[in-house]
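As stored in data-v9.pdb (PDB, C-alpha atoms and all ligand atoms):
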```pdb
ATOM      1  CA  MET A   1      -2.574  32.545-136.675
ATOM      2  CA  LEU A   2      -0.784  29.582-138.168
ATOM      3  CA  SER A   3       2.904  30.046-138.875
ATOM      4  CA  ASN A   4       3.975  29.413-142.427
ATOM      5  CA  LYS A   5       5.519  26.118-141.399
ATOM      6  CA  ASP A   6       2.343  24.955-139.615
ATOM      7  CA  SER A   7       0.075  25.867-142.482
ATOM      8  CA  ASN A   8       2.314  24.042-144.943
ATOM      9  CA  GLN A   9       2.264  21.020-142.709
ATOM     10  CA  GLN A  10      -1.504  21.190-142.516
ATOM     11  CA  LEU A  11      -1.707  21.329-146.309
ATOM     12  CA  ALA A  12       0.604  18.354-146.685
ATOM     13  CA  GLU A  13      -1.321  16.377-144.095
ATOM     14  CA  ASN A  14      -4.712  17.335-145.473
ATOM     15  CA  LYS A  15      -3.944  15.456-148.662
ATOM     16  CA  VAL A  16      -6.852  13.776-150.347
ATOM     17  CA  PRO A  17      -6.244  10.010-150.589
ATOM     18  CA  ALA A  18      -5.063   9.176-154.116
ATOM     19  CA  HIS A  19      -6.707   5.747-154.278
ATOM     20  CA  VAL A  20     -10.050   5.123-152.575
ATOM     21  CA  ALA A  21     -11.636   1.646-152.604
ATOM     22  CA  VAL A  22     -15.283   1.014-151.734
ATOM     23  CA  ILE A  23     -17.247  -2.107-150.817
ATOM     24  CA  MET A  24     -20.715  -0.918-151.859
ATOM     25  CA  ASP A  25     -22.779  -3.007-149.439
ATOM     26  CA  GLY A  26     -26.447  -2.690-148.399
ATOM     27  CA  ASN A  27     -28.295  -2.313-151.704
ATOM     28  CA  GLY A  28     -30.622  -5.250-150.925
ATOM     29  CA  ARG A  29     -31.289  -3.991-147.399
ATOM     30  CA  TRP A  30     -31.977  -0.481-148.747
ATOM     31  CA  ALA A  31     -34.663  -1.972-151.023
ATOM     32  CA  LYS A  32     -36.123  -4.231-148.329
ATOM     33  CA  LYS A  33     -36.598  -1.250-146.015
ATOM     34  CA  ARG A  34     -38.737   0.308-148.774
ATOM     35  CA  PHE A  35     -40.666  -2.921-149.521
ATOM     36  CA  MET A  36     -39.018  -2.998-152.944
ATOM     37  CA  PRO A  37     -37.348  -5.943-154.746
ATOM     38  CA  ARG A  38     -33.578  -6.357-154.284
ATOM     39  CA  ILE A  39     -32.950  -5.382-157.888
ATOM     40  CA  ALA A  40     -34.421  -1.926-157.190
ATOM     41  CA  GLY A  41     -31.633  -1.546-154.631
ATOM     42  CA  HIS A  42     -29.032  -2.515-157.227
ATOM     43  CA  LYS A  43     -30.423   0.092-159.623
ATOM     44  CA  ALA A  44     -30.294   2.799-156.927
ATOM     45  CA  GLY A  45     -26.756   1.601-156.136
ATOM     46  CA  MET A  46     -25.753   1.936-159.778
ATOM     47  CA  ASP A  47     -27.097   5.505-159.946
ATOM     48  CA  ASN A  48     -25.106   6.323-156.820
ATOM     49  CA  VAL A  49     -21.907   5.077-158.470
ATOM     50  CA  GLN A  50     -22.228   7.989-160.899
ATOM     51  CA  THR A  51     -22.937  10.540-158.120
ATOM     52  CA  ILE A  52     -19.946   9.429-156.054
ATOM     53  CA  THR A  53     -17.655   9.135-159.087
ATOM     54  CA  THR A  54     -18.343  12.754-160.074
ATOM     55  CA  HIS A  55     -17.673  13.927-156.524
ATOM     56  CA  ALA A  56     -14.477  11.847-156.269
ATOM     57  CA  SER A  57     -13.310  13.333-159.558
ATOM     58  CA  HIS A  58     -13.931  16.886-158.286
ATOM     59  CA  LEU A  59     -11.995  16.117-155.081
ATOM     60  CA  GLY A  60      -8.929  15.115-157.107
ATOM     61  CA  ILE A  61      -8.989  11.408-156.241
ATOM     62  CA  LYS A  62      -6.863   9.526-158.792
ATOM     63  CA  VAL A  63      -8.286   5.993-158.568
ATOM     64  CA  LEU A  64     -11.728   4.907-157.311
ATOM     65  CA  SER A  65     -11.981   1.109-157.010
ATOM     66  CA  LEU A  66     -15.520  -0.248-156.607
ATOM     67  CA  TYR A  67     -16.388  -3.850-155.707
ATOM     68  CA  ALA A  68     -19.282  -4.458-158.123
ATOM     69  CA  PHE A  69     -19.460  -8.273-158.262
ATOM     70  CA  SER A  70     -17.419 -10.932-156.459
ATOM     71  CA  THR A  71     -16.503 -14.424-157.631
ATOM     72  CA  GLU A  72     -18.930 -15.622-154.893
ATOM     73  CA  ASN A  73     -21.921 -13.591-156.142
ATOM     74  CA  TRP A  74     -22.824 -16.244-158.773
ATOM     75  CA  LYS A  75     -24.458 -18.159-155.866
ATOM     76  CA  ARG A  76     -27.253 -15.568-155.654
ATOM     77  CA  PRO A  77     -30.683 -16.278-157.196
ATOM     78  CA  THR A  78     -30.422 -16.485-161.003
ATOM     79  CA  ASP A  79     -32.807 -13.588-161.636
ATOM     80  CA  GLU A  80     -30.685 -11.337-159.407
ATOM     81  CA  VAL A  81     -27.436 -12.428-161.099
ATOM     82  CA  ASP A  82     -29.069 -11.848-164.465
ATOM     83  CA  TYR A  83     -30.060  -8.314-163.453
ATOM     84  CA  LEU A  84     -26.567  -7.559-162.106
ATOM     85  CA  MET A  85     -24.979  -8.737-165.370
ATOM     86  CA  HIS A  86     -27.064  -6.133-167.220
ATOM     87  CA  LEU A  87     -25.853  -3.262-165.016
ATOM     88  CA  PRO A  88     -22.583  -2.573-166.860
ATOM     89  CA  GLY A  89     -24.624  -2.071-170.057
ATOM     90  CA  ASN A  90     -27.250   0.038-168.274
ATOM     91  CA  PHE A  91     -24.523   2.121-166.655
ATOM     92  CA  PHE A  92     -22.841   2.603-169.994
ATOM     93  CA  ASP A  93     -26.083   3.714-171.730
ATOM     94  CA  LYS A  94     -27.055   6.110-168.940
ATOM     95  CA  PHE A  95     -23.781   7.668-167.844
ATOM     96  CA  MET A  96     -21.176   7.440-170.603
ATOM     97  CA  PRO A  97     -21.641  11.086-171.783
ATOM     98  CA  GLU A  98     -21.157  12.329-168.204
ATOM     99  CA  LEU A  99     -18.052  10.168-167.699
ATOM    100  CA  ILE A 100     -16.526  11.496-170.900
ATOM    101  CA  LYS A 101     -17.344  15.084-169.898
ATOM    102  CA  GLU A 102     -15.657  14.435-166.518
ATOM    103  CA  ASN A 103     -12.556  13.001-168.265
ATOM    104  CA  VAL A 104     -13.017   9.711-166.328
ATOM    105  CA  LYS A 105     -11.198   6.588-167.514
ATOM    106  CA  VAL A 106     -13.058   3.314-166.905
ATOM    107  CA  ASN A 107     -11.076   0.199-166.005
ATOM    108  CA  VAL A 108     -12.578  -3.186-165.184
ATOM    109  CA  MET A 109     -10.621  -5.893-163.377
ATOM    110  CA  GLY A 110     -11.631  -9.463-162.613
ATOM    111  CA  PHE A 111     -11.994 -12.822-164.322
ATOM    112  CA  LEU A 112     -13.725 -11.235-167.287
ATOM    113  CA  ASP A 113     -13.675 -14.284-169.577
ATOM    114  CA  GLU A 114     -16.379 -15.843-167.343
ATOM    115  CA  LEU A 115     -18.871 -13.006-167.926
ATOM    116  CA  PRO A 116     -21.793 -13.298-170.348
ATOM    117  CA  SER A 117     -20.835 -11.921-173.766
ATOM    118  CA  TYR A 118     -23.271  -8.978-173.514
ATOM    119  CA  THR A 119     -21.673  -7.946-170.199
ATOM    120  CA  LEU A 120     -18.174  -8.234-171.633
ATOM    121  CA  ASP A 121     -19.257  -6.161-174.648
ATOM    122  CA  ALA A 122     -20.485  -3.340-172.373
ATOM    123  CA  VAL A 123     -17.278  -3.495-170.310
ATOM    124  CA  ASN A 124     -15.124  -3.338-173.437
ATOM    125  CA  ARG A 125     -17.114  -0.410-174.838
ATOM    126  CA  ALA A 126     -16.799   1.510-171.553
ATOM    127  CA  GLN A 127     -13.037   0.935-171.419
ATOM    128  CA  ASP A 128     -12.596   1.655-175.106
ATOM    129  CA  GLN A 129     -14.542   4.917-175.211
ATOM    130  CA  THR A 130     -12.679   6.322-172.204
ATOM    131  CA  LYS A 131      -9.185   4.956-172.883
ATOM    132  CA  ASP A 132      -7.712   8.367-173.783
ATOM    133  CA  ASN A 133      -9.202  10.158-170.754
ATOM    134  CA  THR A 134      -6.614  11.443-168.291
ATOM    135  CA  GLY A 135      -8.688  12.124-165.156
ATOM    136  CA  LEU A 136      -9.986   9.836-162.426
ATOM    137  CA  ILE A 137      -9.623   6.092-163.045
ATOM    138  CA  LEU A 138     -12.980   4.459-162.236
ATOM    139  CA  ASN A 139     -11.920   0.887-161.530
ATOM    140  CA  PHE A 140     -14.705  -1.702-161.278
ATOM    141  CA  ALA A 141     -13.970  -5.110-159.735
ATOM    142  CA  LEU A 142     -16.247  -7.485-161.623
ATOM    143  CA  ASN A 143     -16.142 -11.257-161.019
ATOM    144  CA  TYR A 144     -13.205 -10.425-158.778
ATOM    145  CA  GLY A 145     -11.753 -12.304-155.790
ATOM    146  CA  SER A 146      -8.471 -11.405-154.160
ATOM    147  CA  ARG A 147      -7.233 -14.914-153.291
ATOM    148  CA  ARG A 148      -7.893 -16.014-156.847
ATOM    149  CA  GLU A 149      -6.095 -12.883-158.119
ATOM    150  CA  ILE A 150      -3.071 -13.723-155.952
ATOM    151  CA  THR A 151      -3.202 -17.383-157.042
ATOM    152  CA  ALA A 152      -3.177 -16.352-160.701
ATOM    153  CA  ALA A 153      -0.218 -14.029-160.029
ATOM    154  CA  VAL A 154       1.706 -16.872-158.338
ATOM    155  CA  GLN A 155       1.027 -19.101-161.352
ATOM    156  CA  LYS A 156       2.380 -16.467-163.758
ATOM    157  CA  ILE A 157       5.511 -15.949-161.666
ATOM    158  CA  ALA A 158       6.055 -19.718-161.329
ATOM    159  CA  THR A 159       5.813 -20.027-165.123
ATOM    160  CA  GLN A 160       8.500 -17.344-165.540
ATOM    161  CA  VAL A 161      10.731 -19.259-163.105
ATOM    162  CA  ALA A 162      10.087 -22.593-164.835
ATOM    163  CA  ASN A 163      10.962 -21.013-168.205
ATOM    164  CA  GLY A 164      14.250 -19.709-166.797
ATOM    165  CA  ASP A 165      13.132 -16.063-167.240
ATOM    166  CA  LEU A 166      13.213 -15.308-163.511
ATOM    167  CA  ALA A 167      15.327 -16.593-160.595
ATOM    168  CA  PRO A 168      13.500 -17.322-157.295
ATOM    169  CA  GLU A 169      15.754 -14.775-155.525
ATOM    170  CA  GLN A 170      14.473 -12.093-157.918
ATOM    171  CA  ILE A 171      10.916 -12.455-156.601
ATOM    172  CA  ASP A 172      10.229  -9.442-154.406
ATOM    173  CA  GLU A 173       7.095  -7.409-153.563
ATOM    174  CA  SER A 174       7.362  -5.382-156.752
ATOM    175  CA  VAL A 175       7.322  -8.560-158.876
ATOM    176  CA  ILE A 176       4.084  -9.599-157.153
ATOM    177  CA  ASP A 177       2.600  -6.064-157.385
ATOM    178  CA  ALA A 178       3.166  -6.088-161.130
ATOM    179  CA  GLN A 179       1.269  -9.373-161.647
ATOM    180  CA  LEU A 180      -1.822  -8.253-159.715
ATOM    181  CA  MET A 181      -4.803  -6.729-161.526
ATOM    182  CA  THR A 182      -3.918  -3.302-160.052
ATOM    183  CA  GLY A 183      -0.389  -3.484-161.506
ATOM    184  CA  ALA A 184      -1.140  -0.924-164.222
ATOM    185  CA  PHE A 185      -1.950   1.795-161.667
ATOM    186  CA  GLY A 186       1.742   2.163-160.812
ATOM    187  CA  ALA A 187       2.230   4.453-157.814
ATOM    188  CA  TYR A 188      -1.524   4.296-157.105
ATOM    189  CA  GLN A 189      -1.994   0.518-156.974
ATOM    190  CA  ASP A 190      -2.590   0.329-153.211
ATOM    191  CA  PRO A 191      -5.718   2.059-151.815
ATOM    192  CA  ASP A 192      -4.962   4.728-149.202
ATOM    193  CA  LEU A 193      -8.503   4.411-147.903
ATOM    194  CA  LEU A 194     -11.075   1.593-147.924
ATOM    195  CA  ILE A 195     -14.702   2.427-147.220
ATOM    196  CA  ARG A 196     -17.334  -0.250-146.533
ATOM    197  CA  THR A 197     -20.965   0.763-146.245
ATOM    198  CA  SER A 198     -23.878  -0.905-144.455
ATOM    199  CA  GLY A 199     -22.234  -1.744-141.140
ATOM    200  CA  GLU A 200     -20.315  -4.946-141.944
ATOM    201  CA  GLU A 201     -16.659  -4.804-140.910
ATOM    202  CA  ARG A 202     -14.958  -7.369-143.162
ATOM    203  CA  LEU A 203     -12.778  -7.273-146.293
ATOM    204  CA  SER A 204     -14.729 -10.069-148.044
ATOM    205  CA  ASN A 205     -11.830 -11.062-150.321
ATOM    206  CA  PHE A 206     -11.348  -7.529-151.773
ATOM    207  CA  LEU A 207      -7.766  -6.378-152.568
ATOM    208  CA  LEU A 208      -6.179  -8.304-149.662
ATOM    209  CA  TRP A 209      -2.558  -7.671-150.685
ATOM    210  CA  GLN A 210      -3.184  -4.069-151.754
ATOM    211  CA  LEU A 211      -5.002  -3.100-148.509
ATOM    212  CA  ALA A 212      -2.055  -4.071-146.259
ATOM    213  CA  TYR A 213      -1.449  -0.471-145.055
ATOM    214  CA  SER A 214      -4.778   1.210-145.918
ATOM    215  CA  GLU A 215      -6.970   3.149-143.504
ATOM    216  CA  LEU A 216     -10.314   1.376-143.090
ATOM    217  CA  VAL A 217     -13.528   3.382-142.619
ATOM    218  CA  PHE A 218     -16.849   1.674-141.947
ATOM    219  CA  THR A 219     -20.197   3.410-142.091
ATOM    220  CA  ASP A 220     -23.711   2.182-141.260
ATOM    221  CA  GLU A 221     -25.270   3.870-144.290
ATOM    222  CA  TYR A 222     -26.544   1.639-147.086
ATOM    223  CA  TRP A 223     -24.694   2.236-150.364
ATOM    224  CA  PRO A 224     -27.631   4.005-152.113
ATOM    225  CA  ASP A 225     -27.760   6.412-149.108
ATOM    226  CA  PHE A 226     -24.015   7.137-149.190
ATOM    227  CA  THR A 227     -23.754  10.783-150.311
ATOM    228  CA  PRO A 228     -20.934  13.082-151.421
ATOM    229  CA  ALA A 229     -21.007  14.421-147.831
ATOM    230  CA  SER A 230     -20.496  10.822-146.594
ATOM    231  CA  LEU A 231     -17.399  10.581-148.788
ATOM    232  CA  ASP A 232     -16.142  13.916-147.415
ATOM    233  CA  ASN A 233     -16.684  12.533-143.919
ATOM    234  CA  ALA A 234     -14.737   9.337-144.657
ATOM    235  CA  ILE A 235     -11.880  11.414-146.071
ATOM    236  CA  ALA A 236     -11.922  13.652-142.985
ATOM    237  CA  GLN A 237     -11.520  10.504-140.849
ATOM    238  CA  PHE A 238      -8.634   9.405-143.059
ATOM    239  CA  GLN A 239      -6.986  12.834-142.657
ATOM    240  CA  SER A 240      -7.486  12.977-138.886
ATOM    241  CA  ARG A 241      -5.801   9.580-138.482
ATOM    242  CA  HIS A 242      -2.836  10.821-140.509
ATOM    243  CA  ARG A 243      -2.642  14.043-138.489
ATOM    244  CA  ARG A 244      -2.585  12.146-135.195
ATOM    245  CA  TYR A 245       0.677  10.432-136.115
ATOM    246  CA  GLY A 246       1.984  13.354-138.200
ATOM    247  CA  GLY A 247       4.734  14.532-135.900
ATOM    248  CA  LEU A 248       5.852  11.080-134.812
ATOM    249  CA  THR A 249       6.076   8.945-137.907
ATOM    250  CA  ASN A 250       6.402  11.579-140.629
ATOM    251  CA  LYS A 251       3.527   9.798-142.436
TER     252      LYS A 251
HETATM  253  C1  LIG B 301     -23.279  -2.926-160.076
HETATM  254  C2  LIG B 301     -24.322  -1.158-158.648
HETATM  255  C3  LIG B 301     -23.493  -0.644-157.507
HETATM  256  C4  LIG B 301     -23.843  -1.299-156.207
HETATM  257  C5  LIG B 301     -23.300  -2.675-156.044
HETATM  258  C6  LIG B 301     -23.837  -3.812-156.864
HETATM  259  C7  LIG B 301     -24.659  -3.500-158.064
HETATM  260  C8  LIG B 301     -21.878  -0.295-161.942
HETATM  261  C9  LIG B 301     -21.390  -1.383-162.643
HETATM  262  C10 LIG B 301     -20.483  -1.360-163.792
HETATM  263  C11 LIG B 301     -19.519  -2.346-163.968
HETATM  264  C12 LIG B 301     -18.644  -2.320-165.054
HETATM  265  C13 LIG B 301     -18.732  -1.288-165.963
HETATM  266  C14 LIG B 301     -19.657  -0.278-165.821
HETATM  267  C15 LIG B 301     -20.532  -0.323-164.730
HETATM  268  C16 LIG B 301     -21.906  -2.495-161.980
HETATM  269  C17 LIG B 301     -22.351  -4.675-161.437
HETATM  270  C18 LIG B 301     -23.107  -4.277-160.360
HETATM  271  C19 LIG B 301     -22.189  -6.120-161.738
HETATM  272  F1  LIG B 301     -17.865  -1.232-167.007
HETATM  273  N1  LIG B 301     -22.623  -0.695-160.928
HETATM  274  N2  LIG B 301     -22.665  -2.039-160.930
HETATM  275  N3  LIG B 301     -21.744  -3.805-162.249
HETATM  276  N4  LIG B 301     -24.035  -2.528-158.985
END
```

Could I get this structure in the form of structure tokens?
Amino acid sequence: MLSNKDSNQQLAENKVPAHVAVIMDGNGRWAKKRFMPRIAGHKAGMDNVQTITTHASHLGIKVLSLYAFSTENWKRPTDEVDYLMHLPGNFFDKFMPELIKENVKVNVMGFLDELPSYTLDAVNRAQDQTKDNTGLILNFALNYGSRREITAAVQKIATQVANGDLAPEQIDESVIDAQLMTGAFGAYQDPDLLIRTSGEERLSNFLLWQLAYSELVFTDEYWPDFTPASLDNAIAQFQSRHRRYGGLTNK
């Protein structure tokens, strides 16, 4: 039998990570394995976003950040880029009723002014129609790159200094946090857990500042094969790492 103290400790240490970030890799390889075109993998990947979002919402995750399109992805074949740029609209048409029912709030971060107008329209509609929802924040990174995000933040801070609105000594981590695209998430801006699917073990310019203290979990599954049970498994790894240091670091 667990003593009251032990069971409380277990509860505290079995906390679900508040912010989970995912690099959804392996959609093209998933399709190739099935002798299907890469875009079929992207479609399966998009459908899986909805499955995993619903599960994350039920687990009590507060923010789910998904790397949908990087600033480097424009280099892909034009037909593939064109298909990807239609996914926000497809996602919206297919899943918006479910997202609203789940009380999910959509947020999109990235250099959005460079997106085609039809993509930006879909993004704005998704954000608009869910803006009053109070549940999980589903945060898509779209035309996002972390070094460019940090560069833009430095430019904004330098402008404040040049205008005399900020002294250099006043620049601390919180000033930088606030200028990043995750600034609006407040206490949840840094992911507790990063998951990357499909076997690659790199950050690929995703949330470099925000991932400074995150637990990293890599899985060999392709993103379309990543199931709610896979998410449970990643969270169990996160929790076991926290438990290991529980008594020593009070973390
Ligand atoms: C994309 C599906 C997931 C696997 C990885 C790449 C392909 C959902 C969106 C999306 C973005 C913004 C929004 C609503 C939905 C998306 C792109 C690619 C470019 F407001 N999935 N998904 N956008 N993939």

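Among the candidates A:Arg38, A:Ile23, A:Ala229, A:Leu66, the one nearest to Arg202 of chain A when counting all atoms listed in the file is A:Ile23.
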
Neighbourhood of ligand LIG 301 (chain B) at 9 Å, counting only C-alpha atoms and all ligand atoms, reported as a VMD selection string: chain A and resid 23 to 27 39 41 to 50 66 to 70 81 83 to 92 106 to 109 119 to 120 122 to 127 138 to 143 223 to 224

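Evaluated against this file, the PyMOL selection byres (((chain A and resi 214) around 10) and not hetatm) yields His19, Val20, Ala21, Asp190, Pro191, Asp192, Leu193, Leu194, Gln210, Leu211, Ala212, Tyr213, Glu215, Leu216, Val217 and Phe238 of chain A.
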
The PyMOL selection byres (((chain A and resi 198) around 7) and not hetatm) resolved against shown file, as a ChimeraX atom specification: /A:25-26,196-197,199-200,219-223

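Evaluating the PyMOL selection byres (((chain A and resi 101) around 12) and not hetatm) against the shown model yields A:Thr54, A:Ser57, A:Phe95, A:Met96, A:Pro97, A:Glu98, A:Leu99, A:Ile100, A:Glu102, A:Asn103, A:Val104, A:Lys105, A:Gln129, A:Thr130, A:Asn133, A:Thr134, A:Gly135, A:Leu136.
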
Prev. selection, C-alpha atoms, output as a PDB file, in the coordinates of the input:
```pdb
ATOM      1  CA  THR A  54     -18.343  12.754-160.074  1.00  0.00           C
ATOM      2  CA  SER A  57     -13.310  13.333-159.558  1.00  0.00           C
ATOM      3  CA  PHE A  95     -23.781   7.668-167.844  1.00  0.00           C
ATOM      4  CA  MET A  96     -21.176   7.440-170.603  1.00  0.00           C
ATOM      5  CA  PRO A  97     -21.641  11.086-171.783  1.00  0.00           C
ATOM      6  CA  GLU A  98     -21.157  12.329-168.204  1.00  0.00           C
ATOM      7  CA  LEU A  99     -18.052  10.168-167.699  1.00  0.00           C
ATOM      8  CA  ILE A 100     -16.526  11.496-170.900  1.00  0.00           C
ATOM      9  CA  GLU A 102     -15.657  14.435-166.518  1.00  0.00           C
ATOM     10  CA  ASN A 103     -12.556  13.001-168.265  1.00  0.00           C
ATOM     11  CA  VAL A 104     -13.017   9.711-166.328  1.00  0.00           C
ATOM     12  CA  LYS A 105     -11.198   6.588-167.514  1.00  0.00           C
ATOM     13  CA  GLN A 129     -14.542   4.917-175.211  1.00  0.00           C
ATOM     14  CA  THR A 130     -12.679   6.322-172.204  1.00  0.00           C
ATOM     15  CA  ASN A 133      -9.202  10.158-170.754  1.00  0.00           C
ATOM     16  CA  THR A 134      -6.614  11.443-168.291  1.00  0.00           C
ATOM     17  CA  GLY A 135      -8.688  12.124-165.156  1.00  0.00           C
ATOM     18  CA  LEU A 136      -9.986   9.836-162.426  1.00  0.00           C
TER      19      LEU A 136
END
```

Kindly compute an axis-aligned box around the listed atoms of segment 157-163 of chain A, allowing 4 Å on each side, and express its centre and edge lengths in Å to one decimal as JSON.
```
{"center_x": 8.2, "center_y": -19.3, "center_z": -164.8, "size_x": 13.5, "size_y": 14.6, "size_z": 14.9}
```

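As for atom CA of Trp209 of chain A and atom CA of Glu149 of chain A, they are spaced 9.7 Å apart.
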
Distance criterion (all atoms listed in the file): nearest to Leu207 of chain A out of A:Tyr144, A:Trp74, A:Phe35, A:Trp30: A:Tyr144

Fewer than 6 positions away in the same chain doesn't count, so skip those; otherwise give me all residues within 12 Å of Arg147 of chain A, counting all atoms listed in the file, as a PDB file with C-alpha atoms, in the coordinates of the input.
```pdb
ATOM      1  CA  SER A  70     -17.419 -10.932-156.459  1.00  0.00           C
ATOM      2  CA  THR A  71     -16.503 -14.424-157.631  1.00  0.00           C
ATOM      3  CA  GLU A  72     -18.930 -15.622-154.893  1.00  0.00           C
ATOM      4  CA  GLY A 110     -11.631  -9.463-162.613  1.00  0.00           C
ATOM      5  CA  ALA A 153      -0.218 -14.029-160.029  1.00  0.00           C
ATOM      6  CA  VAL A 154       1.706 -16.872-158.338  1.00  0.00           C
ATOM      7  CA  LEU A 180      -1.822  -8.253-159.715  1.00  0.00           C
ATOM      8  CA  MET A 181      -4.803  -6.729-161.526  1.00  0.00           C
ATOM      9  CA  LEU A 203     -12.778  -7.273-146.293  1.00  0.00           C
ATOM     10  CA  SER A 204     -14.729 -10.069-148.044  1.00  0.00           C
ATOM     11  CA  ASN A 205     -11.830 -11.062-150.321  1.00  0.00           C
ATOM     12  CA  PHE A 206     -11.348  -7.529-151.773  1.00  0.00           C
ATOM     13  CA  LEU A 207      -7.766  -6.378-152.568  1.00  0.00           C
ATOM     14  CA  LEU A 208      -6.179  -8.304-149.662  1.00  0.00           C
ATOM     15  CA  TRP A 209      -2.558  -7.671-150.685  1.00  0.00           C
ATOM     16  CA  GLN A 210      -3.184  -4.069-151.754  1.00  0.00           C
TER      17      GLN A 210
END
```

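Coordinates place atom CA of Ala234 of chain A at a distance of 11.9 Å from atom CA of Ala56 of chain A.
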
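The shortest atom-to-atom distance to Ile150 of chain A, with all atoms listed in the file taken into account, belongs to A:Gln179 out of A:Gln170, A:Gln237, A:Gln179, A:Thr227.
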